[in-house]
>>> print(open('data-v7.txt').read())   # compact mmCIF, C-alpha atoms
# COMPACT_ATOMS: atom_id res chain seq x y z
CA MET F 1 13.78 20.23 3.61
CA ASN F 2 10.64 21.77 5.08
CA LYS F 3 8.89 20.04 7.96
CA LEU F 4 5.23 19.24 7.36
CA ASP F 5 2.34 17.56 9.03
CA ALA F 6 0.08 14.99 7.37
CA SER F 7 -2.71 17.45 6.62
CA ASP F 8 -0.95 18.78 3.49
CA ALA F 9 -3.13 17.66 0.56
CA PRO F 10 -0.40 17.87 -2.14
CA LEU F 11 1.30 14.87 -0.55
CA THR F 12 -1.66 12.62 -1.16
CA ALA F 13 -3.78 11.09 -3.90
CA LEU F 14 -6.05 14.14 -4.10
CA SER F 15 -3.57 15.78 -6.47
CA MET F 16 -4.20 13.05 -9.09
CA GLU F 17 -7.55 12.67 -10.85
CA GLY F 18 -9.34 9.65 -12.27
CA PRO F 19 -8.69 5.91 -11.74
CA LEU F 20 -5.61 5.41 -9.64
CA VAL F 21 -3.60 2.73 -7.85
CA VAL F 22 -1.62 4.00 -4.86
CA ALA F 23 0.76 1.80 -2.87
CA GLN F 24 2.03 2.68 0.60
CA LEU F 25 4.84 1.23 2.70
CA GLY F 26 6.32 2.24 6.04
CA GLN F 27 9.82 1.00 6.85
CA SER F 28 12.94 1.57 8.94
CA LEU F 29 16.13 3.26 7.73
CA ASP F 30 17.52 -0.17 6.88
CA GLY F 31 14.46 -1.16 4.84
CA ARG F 32 12.66 -3.36 7.42
CA ILE F 33 8.92 -3.42 8.05
CA ALA F 34 9.01 -5.75 11.08
CA THR F 35 11.42 -7.52 13.42
CA LEU F 36 12.25 -11.20 13.07
CA THR F 37 9.41 -11.94 15.52
CA GLY F 38 6.94 -9.96 13.41
CA ALA F 39 6.70 -6.88 15.67
CA SER F 40 5.83 -3.85 13.55
CA LYS F 41 3.78 -1.47 15.75
CA TYR F 42 4.83 1.19 15.47
CA ILE F 43 7.85 1.64 13.24
CA SER F 44 6.36 4.80 11.73
CA GLY F 45 5.42 7.84 13.78
CA PHE F 46 2.01 9.40 14.31
CA GLU F 47 2.27 11.83 11.38
CA ALA F 48 2.94 8.86 9.09
CA LEU F 49 -0.11 7.11 10.54
CA LYS F 50 -2.23 10.23 9.90
CA HIS F 51 -0.88 10.31 6.35
CA LEU F 52 -1.94 6.70 5.80
CA HIS F 53 -5.43 7.45 7.10
CA ARG F 54 -5.63 10.47 4.78
CA LEU F 55 -4.76 8.20 1.86
CA ARG F 56 -7.54 5.83 2.93
CA ALA F 57 -10.00 8.73 3.03
CA GLU F 58 -9.18 9.65 -0.57
CA VAL F 59 -9.63 6.25 -2.25
CA ASP F 60 -12.55 3.98 -2.99
CA ALA F 61 -10.93 0.79 -1.69
CA VAL F 62 -8.04 -0.26 0.53
CA LEU F 63 -6.49 -3.59 -0.48
CA VAL F 64 -4.59 -6.16 1.61
CA GLY F 65 -3.66 -9.78 1.22
CA VAL F 66 -5.18 -12.40 3.50
CA GLY F 67 -1.78 -12.90 5.17
CA THR F 68 -1.90 -9.33 6.44
CA LEU F 69 -5.44 -9.88 7.70
CA ILE F 70 -4.38 -13.02 9.59
CA ALA F 71 -1.22 -11.47 11.04
CA ASP F 72 -2.46 -8.00 12.01
CA ASP F 73 -6.30 -8.06 12.07
CA PRO F 74 -6.36 -4.45 10.78
CA ALA F 75 -9.46 -2.26 10.82
CA LEU F 76 -8.49 -0.46 7.57
CA THR F 77 -10.72 2.48 8.47
CA VAL F 78 -10.23 6.26 8.66
CA ARG F 79 -9.85 7.34 12.28
CA HIS F 80 -7.07 9.93 12.68
CA VAL F 81 -8.23 12.45 10.05
CA PRO F 82 -11.65 13.58 8.83
CA GLY F 83 -13.15 11.53 6.01
CA ARG F 84 -15.06 8.41 5.13
CA SER F 85 -13.69 4.90 5.32
CA PRO F 86 -13.21 3.13 1.97
CA ALA F 87 -14.32 -0.37 1.11
CA ARG F 88 -11.98 -2.95 2.67
CA VAL F 89 -10.80 -5.53 0.12
CA VAL F 90 -8.98 -8.75 1.05
CA ILE F 91 -7.26 -10.97 -1.51
CA ASP F 92 -8.34 -14.41 -0.27
CA PRO F 93 -8.56 -16.95 -3.12
CA THR F 94 -9.34 -20.03 -1.00
CA GLY F 95 -11.22 -18.55 1.95
CA ARG F 96 -8.50 -18.49 4.62
CA ALA F 97 -9.72 -15.32 6.33
CA PRO F 98 -10.64 -15.77 10.03
CA ILE F 99 -14.38 -15.38 10.44
CA ASP F 100 -13.83 -13.26 13.58
CA ALA F 101 -11.61 -10.67 11.85
CA GLN F 102 -12.76 -7.18 12.78
CA VAL F 103 -13.36 -6.16 9.16
CA PHE F 104 -16.24 -8.68 9.20
CA ARG F 105 -17.62 -7.61 12.57
CA ASP F 106 -17.29 -3.86 13.01
CA GLY F 107 -19.73 -2.67 10.31
CA ALA F 108 -17.52 0.38 9.76
CA ALA F 109 -17.31 -0.03 5.98
CA GLU F 110 -18.07 -2.54 3.26
CA THR F 111 -15.78 -5.58 3.18
CA ILE F 112 -15.09 -7.50 -0.03
CA LEU F 113 -13.18 -10.76 -0.44
CA LEU F 114 -11.56 -11.47 -3.79
CA THR F 115 -11.93 -15.23 -4.15
CA LEU F 116 -11.79 -18.06 -6.60
CA PRO F 117 -15.18 -18.79 -8.20
CA GLY F 118 -17.37 -20.74 -5.77
CA VAL F 119 -15.59 -19.66 -2.56
CA ALA F 120 -18.01 -18.09 -0.07
CA ALA F 121 -17.30 -15.05 2.08
CA PRO F 122 -17.88 -14.98 5.87
CA ALA F 123 -20.84 -13.13 7.33
CA GLY F 124 -20.17 -9.41 7.20
CA ALA F 125 -18.48 -9.53 3.78
CA ARG F 126 -19.28 -10.39 0.21
CA ALA F 127 -17.24 -12.38 -2.27
CA VAL F 128 -16.18 -11.13 -5.70
CA ALA F 129 -14.90 -13.97 -7.88
CA VAL F 130 -11.69 -13.44 -9.83
CA THR F 131 -10.33 -15.80 -12.48
CA PRO F 132 -6.75 -16.83 -11.63
CA GLY F 133 -3.84 -16.55 -14.06
CA GLN F 134 -1.66 -19.31 -15.40
CA GLU F 135 0.18 -19.73 -12.08
CA GLY F 136 -3.09 -20.03 -10.18
CA ARG F 137 -2.71 -16.57 -8.63
CA PHE F 138 -4.69 -13.39 -9.18
CA SER F 139 -2.74 -10.97 -11.32
CA PRO F 140 -2.70 -7.32 -10.26
CA GLU F 141 -4.37 -6.45 -13.55
CA ALA F 142 -7.22 -8.89 -12.83
CA ILE F 143 -7.62 -7.51 -9.31
CA VAL F 144 -7.79 -3.90 -10.52
CA ALA F 145 -10.26 -4.87 -13.27
CA ALA F 146 -12.50 -6.73 -10.78
CA LEU F 147 -12.58 -3.76 -8.41
CA ARG F 148 -13.25 -1.25 -11.15
CA ALA F 149 -16.15 -3.42 -12.30
CA GLU F 150 -17.49 -2.92 -8.75
CA GLY F 151 -17.20 0.86 -9.13
CA LEU F 152 -13.98 1.05 -7.08
CA ALA F 153 -11.65 3.03 -9.33
CA ARG F 154 -9.21 4.51 -6.80
CA ILE F 155 -7.35 1.78 -4.93
CA LEU F 156 -4.82 1.88 -2.08
CA VAL F 157 -2.56 -1.18 -1.90
CA GLU F 158 -1.65 -1.24 1.79
CA GLY F 159 -0.21 -4.67 2.47
CA GLY F 160 1.51 -6.83 2.82
CA ALA F 161 4.94 -6.47 1.31
CA ASP F 162 4.47 -9.42 -1.06
CA THR F 163 1.22 -8.00 -2.44
CA LEU F 164 2.82 -4.61 -2.91
CA ALA F 165 5.82 -6.19 -4.68
CA ARG F 166 3.56 -8.06 -7.10
CA PHE F 167 1.80 -4.82 -8.02
CA LEU F 168 5.11 -3.04 -8.53
CA ASP F 169 6.54 -5.88 -10.62
CA ALA F 170 3.45 -5.82 -12.81
CA GLY F 171 3.71 -2.07 -13.39
CA ALA F 172 0.25 -1.70 -11.82
CA VAL F 173 1.09 1.14 -9.39
CA ASP F 174 0.61 4.79 -10.32
CA LEU F 175 1.82 6.41 -7.10
CA LEU F 176 4.11 4.85 -4.48
CA HIS F 177 4.48 6.35 -1.00
CA VAL F 178 7.44 5.08 1.02
CA LEU F 179 7.64 6.34 4.59
CA VAL F 180 11.07 5.93 6.20
CA ALA F 181 11.27 6.14 9.99
CA PRO F 182 14.47 7.19 11.80
CA ILE F 183 14.99 3.77 13.33
CA ILE F 184 17.41 0.91 12.56
CA LEU F 185 16.21 -2.65 13.22
CA GLY F 186 19.31 -4.48 11.95
CA SER F 187 17.32 -7.53 10.88
CA GLY F 188 13.75 -8.56 10.13
CA LYS F 189 11.33 -8.59 7.22
CA ALA F 190 12.35 -6.52 4.21
CA GLY F 191 9.98 -3.90 2.84
CA PHE F 192 9.53 -5.55 -0.54
CA SER F 193 11.52 -7.70 -2.93
CA LEU F 194 11.04 -7.30 -6.66
CA SER F 195 12.16 -9.50 -9.53
CA PRO F 196 15.96 -9.33 -9.79
CA ILE F 197 17.70 -7.14 -12.33
CA ASP F 198 21.17 -7.53 -13.84
CA GLN F 199 22.18 -3.93 -14.47
CA LEU F 200 21.45 -0.60 -12.79
CA ASP F 201 20.01 0.78 -16.01
CA GLU F 202 17.11 -1.66 -15.49
CA ALA F 203 16.19 -0.06 -12.15
CA ILE F 204 12.96 1.91 -11.78
CA ARG F 205 13.71 5.62 -11.43
CA PRO F 206 10.41 7.41 -10.78
CA ARG F 207 9.85 11.12 -10.44
CA THR F 208 10.13 11.58 -6.69
CA ALA F 209 9.37 14.29 -4.15
CA VAL F 210 10.70 14.12 -0.59
CA HIS F 211 8.94 15.47 2.49
CA LEU F 212 9.95 15.54 6.16
CA PHE F 213 7.19 15.15 8.73
CA ASN F 214 7.31 17.03 12.02
CA ASP F 215 8.10 13.93 14.08
CA GLY F 216 11.01 12.77 11.92
CA ASP F 217 9.63 10.36 9.32
CA VAL F 218 10.56 11.05 5.69
CA LEU F 219 8.04 10.49 2.90
CA PHE F 220 9.17 9.62 -0.61
CA THR F 221 6.30 10.23 -3.05
CA CYS F 222 7.11 8.37 -6.27
CA ASP F 223 5.13 8.95 -9.46
CA LEU F 224 5.31 5.68 -11.41
CA ARG F 225 3.06 6.68 -14.29
CA GLY F 226 5.15 6.20 -17.40
CA ARG F 227 7.82 4.83 -15.09
CA SER F 228 11.31 5.12 -16.47
CA SER F 229 14.59 3.32 -16.04
CA GLY F 230 18.08 4.27 -16.94
CA PRO F 231 21.42 5.30 -15.48
CA ARG F 232 21.37 8.03 -12.89
CA LYS F 233 23.17 11.15 -14.06
CA ILE F 234 25.75 12.39 -11.54
CA ALA F 235 26.64 16.06 -11.77
CA ALA F 236 30.33 16.88 -12.00
CA GLU F 237 31.79 18.44 -8.86
>>> encode(input="data-v7.txt", output="structure tokens")
Amino acid sequence: MNKLDASDAPLTALSMEGPLVVAQLGQSLDGRIATLTGASKYISGFEALKHLHRLRAEVDAVLVGVGTLIADDPALTVRHVPGRSPARVVIDPTGRAPIDAQVFRDGAAETILLTLPGVAAPAGARAVAVTPGQEGRFSPEAIVAALRAEGLARILVEGGADTLARFLDAGAVDLLHVLVAPIILGSGKAGFSLSPIDQLDEAIRPRTAVHLFNDGDVLFTCDLRGRSSGPRKIAAE
């Protein structure tokens, strides 16, 4: 496996044209994204962080749930590679976002809140109303449609794990990037949990490329367009 740094364009969304939903997750060898106390900075190495920022620079919008905003207060901007910062989009149906979150204060990029009709956004952001589904939640399809109506066709789903899982379960992800760091936490929050399956032939088996970054993280780039399932074929020894 060749070692690479995060400046290699073929690893990113640039290699795919048109409307696109990319999802990104960084985790430990044992599939954890944080300790039991919530500590998560930094499981991934610097090359992985540069790769994330490159993804941000190549999309129109970076999407997180309000839980991620409350827990981490992320900037969601491009800082470690050249490029422009995308629109920051927060899924916040009932207006839970802290008014002092930095995405509302820093002026570094547009900030959009996806809300229920009639819910106002804090100063420094604007609200885009989304009609909830039958369970009272925004479906991934409704979220993507609302953003594309705003001219935001290329979307990076960055967090948290529950938001990413909902997009995967709905088949709404075109390209999944999973960064695995050479670290074992032993316990903590799992990367994502999807709807249970009964048999292995129901598992998602995307076309996948594997890349090793210079500082040890491994990137799995999974193409989920026309995602397939089925038994894995094991070659005879």
>>> residues_around(input="data-v7.txt", residues="Asp223 in chain F", least_positions_apart="6", cutoff="8 Å", atoms="only C-alpha atoms", output="list in words")
Asp174, Leu175, Leu176, Pro206, Arg207 and Thr208 of chain F
>>> closest_residue(input="data-v7.txt", among="F:Ile43, F:Ala61, F:Val21, F:Leu69", to="Gly151 in chain F", atoms="all atoms listed in the file")
F:Ala61
>>> atom_distance(input="data-v7.txt", atom1="CA of Leu20 in chain F", atom2="CA of Leu116 in chain F")
24.5 Å
>>> atom_distance(input="data-v7.txt", atom1="CA of Gly171 in chain F", atom2="CA of Gly18 in chain F")
17.6 Å
>>> residues_around(input="data-v7.txt", residues="Thr77 in chain F", least_positions_apart="6", cutoff="10 Å", atoms="all atoms listed in the file", output="ChimeraX atom specification")
/F:53,56-57,62,83-88,103,108-109
>>> atom_distance(input="data-v7.txt", atom1="CA of Ile184 in chain F", atom2="CA of Ser44 in chain F")
11.7 Å
>>> closest_residue(input="data-v7.txt", among="F:Pro19, F:Arg105, F:Arg96, F:Phe220", to="Val119 in chain F", atoms="only C-alpha atoms")
F:Arg96
>>> residues_around(input="data-v7.txt", residues="Leu49 in chain F", least_positions_apart="5", cutoff="10 Å", atoms="all atoms listed in the file", output="PDB file with C-alpha atoms, in the coordinates of the input")
ATOM      1  CA  ALA F   6       0.080  14.990   7.370  1.00  0.00           C
ATOM      2  CA  GLY F  26       6.320   2.240   6.040  1.00  0.00           C
ATOM      3  CA  TYR F  42       4.830   1.190  15.470  1.00  0.00           C
ATOM      4  CA  SER F  44       6.360   4.800  11.730  1.00  0.00           C
ATOM      5  CA  ARG F  54      -5.630  10.470   4.780  1.00  0.00           C
ATOM      6  CA  LEU F  55      -4.760   8.200   1.860  1.00  0.00           C
ATOM      7  CA  ARG F  79      -9.850   7.340  12.280  1.00  0.00           C
ATOM      8  CA  HIS F  80      -7.070   9.930  12.680  1.00  0.00           C
ATOM      9  CA  VAL F  81      -8.230  12.450  10.050  1.00  0.00           C
ATOM     10  CA  LEU F 179       7.640   6.340   4.590  1.00  0.00           C
TER      11      LEU F 179
END
>>> closest_atom_pairs(input="data-v7.txt", of="range 5-82 of chain F", to="range 188-198 of chain F", cutoff="9 Å", atoms="all atoms listed in the file", output="JSON lines")
{"residue": "F:Leu25", "atom": "CA", "partner": "F:Gly191", "partner_atom": "CA", "distance": 7.3}
{"residue": "F:Gly26", "atom": "CA", "partner": "F:Gly191", "partner_atom": "CA", "distance": 7.8}
{"residue": "F:Gln27", "atom": "CA", "partner": "F:Gly191", "partner_atom": "CA", "distance": 6.3}
{"residue": "F:Ser28", "atom": "CA", "partner": "F:Gly191", "partner_atom": "CA", "distance": 8.7}
{"residue": "F:Asp30", "atom": "CA", "partner": "F:Ala190", "partner_atom": "CA", "distance": 8.6}
{"residue": "F:Gly31", "atom": "CA", "partner": "F:Gly191", "partner_atom": "CA", "distance": 5.6}
{"residue": "F:Arg32", "atom": "CA", "partner": "F:Ala190", "partner_atom": "CA", "distance": 4.5}
{"residue": "F:Ile33", "atom": "CA", "partner": "F:Gly191", "partner_atom": "CA", "distance": 5.3}
{"residue": "F:Ala34", "atom": "CA", "partner": "F:Lys189", "partner_atom": "CA", "distance": 5.3}
{"residue": "F:Thr35", "atom": "CA", "partner": "F:Gly188", "partner_atom": "CA", "distance": 4.2}
{"residue": "F:Leu36", "atom": "CA", "partner": "F:Gly188", "partner_atom": "CA", "distance": 4.2}
{"residue": "F:Thr37", "atom": "CA", "partner": "F:Gly188", "partner_atom": "CA", "distance": 7.7}
{"residue": "F:Gly38", "atom": "CA", "partner": "F:Gly188", "partner_atom": "CA", "distance": 7.7}
>>> write_last_selection(input="data-v7.txt", atoms="C-alpha atoms", output="tab-separated table (two decimals), keeping the file's coordinate frame")
chain	number	residue	atom	x	y	z
F	25	LEU	CA	4.84	1.23	2.70
F	26	GLY	CA	6.32	2.24	6.04
F	27	GLN	CA	9.82	1.00	6.85
F	28	SER	CA	12.94	1.57	8.94
F	30	ASP	CA	17.52	-0.17	6.88
F	31	GLY	CA	14.46	-1.16	4.84
F	32	ARG	CA	12.66	-3.36	7.42
F	33	ILE	CA	8.92	-3.42	8.05
F	34	ALA	CA	9.01	-5.75	11.08
F	35	THR	CA	11.42	-7.52	13.42
F	36	LEU	CA	12.25	-11.20	13.07
F	37	THR	CA	9.41	-11.94	15.52
F	38	GLY	CA	6.94	-9.96	13.41
>>> closest_residue(input="data-v7.txt", among="F:Ala146, F:Val66, F:Ala203, F:Leu212", to="Ile99 in chain F", atoms="only C-alpha atoms")
F:Val66
>>> closest_residue(input="data-v7.txt", among="F:Ser139, F:Ala125, F:Arg225, F:Gly133", to="Ala170 in chain F", atoms="only C-alpha atoms")
F:Ser139
>>> closest_residue(input="data-v7.txt", among="F:Leu147, F:Gly65, F:His177, F:Ile91", to="His211 in chain F", atoms="only C-alpha atoms")
F:His177
>>> closest_residue(input="data-v7.txt", among="F:Glu58, F:Asp217, F:Asp162, F:Glu135", to="Pro82 in chain F", atoms="all atoms listed in the file")
F:Glu58
>>> residues_around(input="data-v7.txt", residues="Glu150 in chain F", least_positions_apart="2", cutoff="12 Å", atoms="only C-alpha atoms", output="PyMOL selection string")
chain F and resi 60-61+87+89+112+114+126-129+143-148+152-155
>>> axis_aligned_box(input="data-v7.txt", around="range 66-79 of chain F", padding_each_side="6 Å", output="AutoDock Vina command-line options")
--center_x -6.0 --center_y -2.8 --center_z 7.9 --size_x 21.5 --size_y 32.4 --size_z 20.8
>>> build_atoms(input="data-v7.txt", residues="range 12-23 of chain F", atoms="all heavy atoms", output="PDB file, in the frame of the given file")
ATOM      1  N   THR F  12      -0.787  13.775  -1.103  1.00  0.00           N
ATOM      2  CA  THR F  12      -1.660  12.620  -1.160  1.00  0.00           C
ATOM      3  C   THR F  12      -2.291  12.434  -2.532  1.00  0.00           C
ATOM      4  O   THR F  12      -2.000  13.153  -3.477  1.00  0.00           O
ATOM      5  CB  THR F  12      -2.753  12.735  -0.083  1.00  0.00           C
ATOM      6  OG1 THR F  12      -3.616  13.813  -0.422  1.00  0.00           O
ATOM      7  CG2 THR F  12      -2.157  12.983   1.291  1.00  0.00           C
ATOM      8  N   ALA F  13      -3.182  11.462  -2.612  1.00  0.00           N
ATOM      9  CA  ALA F  13      -3.780  11.090  -3.900  1.00  0.00           C
ATOM     10  C   ALA F  13      -4.735  12.145  -4.440  1.00  0.00           C
ATOM     11  O   ALA F  13      -5.119  12.087  -5.607  1.00  0.00           O
ATOM     12  CB  ALA F  13      -4.521   9.762  -3.748  1.00  0.00           C
ATOM     13  N   LEU F  14      -5.113  13.114  -3.631  1.00  0.00           N
ATOM     14  CA  LEU F  14      -6.050  14.140  -4.100  1.00  0.00           C
ATOM     15  C   LEU F  14      -5.503  14.923  -5.289  1.00  0.00           C
ATOM     16  O   LEU F  14      -6.257  15.481  -6.071  1.00  0.00           O
ATOM     17  CB  LEU F  14      -6.348  15.135  -2.963  1.00  0.00           C
ATOM     18  CG  LEU F  14      -7.449  14.752  -1.974  1.00  0.00           C
ATOM     19  CD1 LEU F  14      -7.579  15.815  -0.918  1.00  0.00           C
ATOM     20  CD2 LEU F  14      -8.774  14.564  -2.695  1.00  0.00           C
ATOM     21  N   SER F  15      -4.178  14.995  -5.400  1.00  0.00           N
ATOM     22  CA  SER F  15      -3.570  15.780  -6.470  1.00  0.00           C
ATOM     23  C   SER F  15      -3.611  15.058  -7.810  1.00  0.00           C
ATOM     24  O   SER F  15      -3.168  15.608  -8.812  1.00  0.00           O
ATOM     25  CB  SER F  15      -2.128  16.124  -6.108  1.00  0.00           C
ATOM     26  OG  SER F  15      -1.374  14.942  -5.893  1.00  0.00           O
ATOM     27  N   MET F  16      -4.123  13.830  -7.855  1.00  0.00           N
ATOM     28  CA  MET F  16      -4.200  13.050  -9.090  1.00  0.00           C
ATOM     29  C   MET F  16      -5.656  12.676  -9.332  1.00  0.00           C
ATOM     30  O   MET F  16      -6.329  12.177  -8.436  1.00  0.00           O
ATOM     31  CB  MET F  16      -3.318  11.809  -8.999  1.00  0.00           C
ATOM     32  CG  MET F  16      -1.862  12.132  -8.707  1.00  0.00           C
ATOM     33  SD  MET F  16      -0.829  10.688  -8.380  1.00  0.00           S
ATOM     34  CE  MET F  16      -0.669  10.007 -10.019  1.00  0.00           C
ATOM     35  N   GLU F  17      -6.142  12.915 -10.539  1.00  0.00           N
ATOM     36  CA  GLU F  17      -7.550  12.670 -10.850  1.00  0.00           C
ATOM     37  C   GLU F  17      -7.731  11.346 -11.559  1.00  0.00           C
ATOM     38  O   GLU F  17      -6.804  10.788 -12.136  1.00  0.00           O
ATOM     39  CB  GLU F  17      -8.080  13.804 -11.730  1.00  0.00           C
ATOM     40  CG  GLU F  17      -8.055  15.173 -11.066  1.00  0.00           C
ATOM     41  CD  GLU F  17      -8.585  16.257 -11.970  1.00  0.00           C
ATOM     42  OE1 GLU F  17      -8.867  15.958 -13.151  1.00  0.00           O
ATOM     43  OE2 GLU F  17      -8.738  17.400 -11.499  1.00  0.00           O
ATOM     44  N   GLY F  18      -8.985  10.842 -11.512  1.00  0.00           N
ATOM     45  CA  GLY F  18      -9.340   9.650 -12.270  1.00  0.00           C
ATOM     46  C   GLY F  18      -8.928   8.356 -11.599  1.00  0.00           C
ATOM     47  O   GLY F  18      -8.473   8.337 -10.454  1.00  0.00           O
ATOM     48  N   PRO F  19      -9.081   7.220 -12.281  1.00  0.00           N
ATOM     49  CA  PRO F  19      -8.690   5.910 -11.740  1.00  0.00           C
ATOM     50  C   PRO F  19      -7.222   5.931 -11.331  1.00  0.00           C
ATOM     51  O   PRO F  19      -6.371   6.523 -12.004  1.00  0.00           O
ATOM     52  CB  PRO F  19      -8.935   4.957 -12.908  1.00  0.00           C
ATOM     53  CG  PRO F  19      -9.965   5.647 -13.746  1.00  0.00           C
ATOM     54  CD  PRO F  19      -9.662   7.106 -13.641  1.00  0.00           C
ATOM     55  N   LEU F  20      -6.937   5.276 -10.223  1.00  0.00           N
ATOM     56  CA  LEU F  20      -5.610   5.410  -9.640  1.00  0.00           C
ATOM     57  C   LEU F  20      -5.311   4.213  -8.751  1.00  0.00           C
ATOM     58  O   LEU F  20      -6.180   3.743  -8.021  1.00  0.00           O
ATOM     59  CB  LEU F  20      -5.563   6.699  -8.814  1.00  0.00           C
ATOM     60  CG  LEU F  20      -4.257   7.097  -8.137  1.00  0.00           C
ATOM     61  CD1 LEU F  20      -3.231   7.509  -9.183  1.00  0.00           C
ATOM     62  CD2 LEU F  20      -4.508   8.257  -7.172  1.00  0.00           C
ATOM     63  N   VAL F  21      -4.078   3.726  -8.799  1.00  0.00           N
ATOM     64  CA  VAL F  21      -3.600   2.730  -7.850  1.00  0.00           C
ATOM     65  C   VAL F  21      -2.444   3.346  -7.070  1.00  0.00           C
ATOM     66  O   VAL F  21      -1.423   3.737  -7.642  1.00  0.00           O
ATOM     67  CB  VAL F  21      -3.142   1.439  -8.546  1.00  0.00           C
ATOM     68  CG1 VAL F  21      -2.564   0.457  -7.509  1.00  0.00           C
ATOM     69  CG2 VAL F  21      -4.296   0.784  -9.289  1.00  0.00           C
ATOM     70  N   VAL F  22      -2.641   3.473  -5.760  1.00  0.00           N
ATOM     71  CA  VAL F  22      -1.620   4.000  -4.860  1.00  0.00           C
ATOM     72  C   VAL F  22      -1.115   2.843  -4.010  1.00  0.00           C
ATOM     73  O   VAL F  22      -1.908   2.011  -3.561  1.00  0.00           O
ATOM     74  CB  VAL F  22      -2.190   5.102  -3.946  1.00  0.00           C
ATOM     75  CG1 VAL F  22      -1.087   5.758  -3.128  1.00  0.00           C
ATOM     76  CG2 VAL F  22      -2.948   6.139  -4.748  1.00  0.00           C
ATOM     77  N   ALA F  23       0.196   2.789  -3.786  1.00  0.00           N
ATOM     78  CA  ALA F  23       0.760   1.800  -2.870  1.00  0.00           C
ATOM     79  C   ALA F  23       1.502   2.545  -1.772  1.00  0.00           C
ATOM     80  O   ALA F  23       2.133   3.574  -2.022  1.00  0.00           O
ATOM     81  CB  ALA F  23       1.697   0.845  -3.605  1.00  0.00           C
TER      82      ALA F  23
END
